[in-house]
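Enquirer: Questions regarding the structure given below will be posed in turn.
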Amino acid sequence: MTVPTPALTLDAWLQMAVHSARARQLPELEPLLIGLVPALRTVRDAYATMPASAEHATPTLRVEP
Amino acid sequence: MTTHASHEWTVAAAARHLAQGDTTAEALTTACLERIAHHNDDVNAFIAVMGNDALARARALDAARATGARLGPLHGVPLSVKDLFDIARWPTTAGSRSRRDHVATTTAPAIERLIEAGAVIVGKCNLHEFAFGTTNEDSGFGPSRHPQDATRSPGGSSGGSAAAVVRGMGLASIGTDTGGSIRIPAAICGLVGLKPTVGEVSTDGVVPLSTTLDHVGPLARTVEDAGLLFEILAGARVWDEWPRIAPRVDTLRIGRLTGYFTALLSDEVRARVDHAVDTLRQAGAHVEDVELPHTDVIAPMYLPIVFGEAAAYHGPLLETRGEDYTPAVRLRLEMSRYVLAEDYVRALHLRRRLQLDVDRAVAPLDMLLAPTVPVTAPRLGEPSVDIGGRAEPVRAVTLRLTQPFNLSGHPAVTLPCRVATGGLPVGVQLIGHRHGTARLLQCARVCEPWVTGTHGRD
């Protein structure tokens, strides 16, 4: 029987990042990482609901002449 | 003929006086160096003063002029540059003790262009460490201070540049702008600040913060000066046929950005910007309200992009010199290292949508208009500012109205609004069409006397 892979949700990302920060002797990062979650959630939600469009499909960084 | 002292001259006036033989490069440079000697302790604008190099260069330029040679339009004009640009044989500290051993071997192409045009570089200006902040409080060389009130921030990250220009320690300065770092200090200190279209001015030889958001541009006293410097930095033509090509103010079509852009403003900023709009209308300009969609995503999308790109550069240095960063900047850079690539790429897609949104908003108009910074100069050491009885974080508030156009790449120039005597400066931002920086400057120059309240004066 296959065990489902846990999702890499933002909560899981936060746990991973906080664990790493503590291991690196940077516990003061924790409130900053917590503070970043709402912004990342907004980005993920906006991306998920963005209409499929050729205009947005290529986030080009090319500088146009 | 102007009655201003030479350190108060515009770049254009200085170039004219130099050409007419009214003054010399050595006299102008000496005046600026004396201003630095007398005023730098007040504002801490400079990390390095290049006194001997600058005087030697000025004398050489005067000798060349005596033989009839003229390098270019800046021949003998003293300028300063943010200490984020490489200048050969000088350290590029980026405002950080972590780079105290660095010495540049070459000069950044943008600065090389100014030198080729005859500029005299008098020194390298203080900044928020690695340009990663908007107040200049976190500098390895101490905070820069506001030129009108030493208890306040000059804005940032190019805060030393702004303070230097206001105090006459160089007639203009060259800064960088990743989320507003030219326009924020220019607005907060009462100057003109230009962020060109993304990619128009080389960022080679500039310590990066965010390689896709970084822009190079001038802080100056007037739109004319900003345009003169942009012409040289970008190899562009702005004033070639001026005033023949000047638009009439009563033909301008301006979109005043509302919604997100007016939702969070101090009473002082709202009043000054409304007054500027009213004045432009009285002058005959057509001003209509415009609202951008998707503004709720602007600040959130900015973070993964600037964090991801900053982490790519700083990761190795944090490993070896982390203790030499200022604590606040070090922590935010360490946090940046945890941003996932998938969130970075999502933000890039959202950024492209914003770019198209701004394209559509400005398409039927000459330019958009918005306040530059929602508040006047914040007090040093205070992490929040009061707006309408609510404490708002200084960093987020100061970036709020400028970062959209770093993300979208559109050119934007801030002009000082007319402010009561003794009041703190307020800026109004004009945003042009992508790759239309020259036209934006031409329109801004026509608006300048109305916005600054100098219309009708000589």
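To be explicit about the labels: the chains of the structure tokens are called A, B, and onward in the order shown, and within each one the residues are counted from 1, while ligands get numbers from 1 in the order they are shown.
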Counting only C-alpha atoms, a student should be able to say which residues of chain B come within 8 Å of chain A; what is the right answer, written as a PyMOL selection string?

Expert: chain B and resi 198-199+212+297+299-301+303-304+331-332+334-335+338+343+346-353+435

Enquirer: With a distance cut-off of 9 Å and only C-alpha atoms, select the neighbouring residues of Gln148 of chain B, excluding the residue or stretch itself and same-chain residues fewer than 6 positions from it, and output the selection as JSON, numbers by chain.

Expert: {"B": [154, 189, 422, 424]}

Enquirer: Output the selection as a PDB file, in the first residue's frame - C-alpha atoms for each residue.

Expert:
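The resulting out.pdb:
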```
ATOM      1  CA  PRO B 154      16.177  61.236   4.241  1.00  0.00           C
ATOM      2  CA  CYS B 189      14.008  65.521   0.481  1.00  0.00           C
ATOM      3  CA  GLY B 422       9.220  75.025   6.876  1.00  0.00           C
ATOM      4  CA  LEU B 424       8.550  68.737   4.967  1.00  0.00           C
TER       5      LEU B 424
END
```

Enquirer: List the neighbours of segment 155-161 of chain B out to 9 Å using only C-alpha atoms; skip same-chain residues closer than 6 positions along the sequence, and give me the result as a PyMOL selection string.

Expert: chain B and resi 43-47+80-82+124-137+143-146+172-177+180-189+219+377-378+398

Enquirer: Mind listing the helix (DSSP H, G or I) residues of chain A, per DSSP on the backbone, as a PyMOL selection string?

Expert: chain A and resi 10-23+29-48+54-57

Enquirer: Hey, what's within 12 Å of Ile121 of chain B if we count only C-alpha atoms and toss same-chain stuff fewer than 4 positions away? As an MDAnalysis selection string, please?

Expert: chainID B and resid 25 28:29 32:33 48:58 74:83 85 87 90 107 111:117 125 169:174

Enquirer: For Val238 of chain B, list every protein, DNA or RNA residue within 8 Å, evaluated using only C-alpha atoms, and leave out those in the same chain fewer than 6 positions away; present the list as a VMD selection string.

Expert: chain B and resid 227 to 228 231 438 to 439 441 to 442

Enquirer: Please produce a file of those selected residues containing N, CA and C atoms, as an mmCIF file, in the first residue's frame.

Expert:
```cif
data_model
loop_
_atom_site.group_PDB
_atom_site.id
_atom_site.type_symbol
_atom_site.label_atom_id
_atom_site.label_comp_id
_atom_site.auth_asym_id
_atom_site.auth_seq_id
_atom_site.Cartn_x
_atom_site.Cartn_y
_atom_site.Cartn_z
ATOM 1 N N GLY B 227 16.816 65.057 -16.959
ATOM 2 C CA GLY B 227 16.852 64.689 -18.374
ATOM 3 C C GLY B 227 18.247 64.760 -18.956
ATOM 4 N N LEU B 228 19.003 65.803 -18.580
ATOM 5 C CA LEU B 228 20.394 65.912 -19.062
ATOM 6 C C LEU B 228 21.205 64.676 -18.646
ATOM 7 N N GLU B 231 20.066 61.555 -20.508
ATOM 8 C CA GLU B 231 20.592 61.534 -21.876
ATOM 9 C C GLU B 231 21.966 60.864 -21.909
ATOM 10 N N ALA B 438 11.925 59.579 -22.413
ATOM 11 C CA ALA B 438 12.212 60.933 -22.909
ATOM 12 C C ALA B 438 10.915 61.748 -22.961
ATOM 13 N N ARG B 439 9.848 61.149 -23.475
ATOM 14 C CA ARG B 439 8.575 61.864 -23.564
ATOM 15 C C ARG B 439 8.027 62.174 -22.166
ATOM 16 N N LEU B 441 9.777 62.780 -19.523
ATOM 17 C CA LEU B 441 10.539 63.917 -19.001
ATOM 18 C C LEU B 441 10.078 65.224 -19.643
ATOM 19 N N GLN B 442 9.768 65.170 -20.937
ATOM 20 C CA GLN B 442 9.291 66.382 -21.616
ATOM 21 C C GLN B 442 7.952 66.841 -21.024
#
```

Enquirer: I'd like the contact shell of Pro91 of chain B - 6 Å cut-off, only C-alpha atoms, skipping same-chain residues fewer than 3 positions apart - returned as a PyMOL selection string.

Expert: chain B and resi 102-104
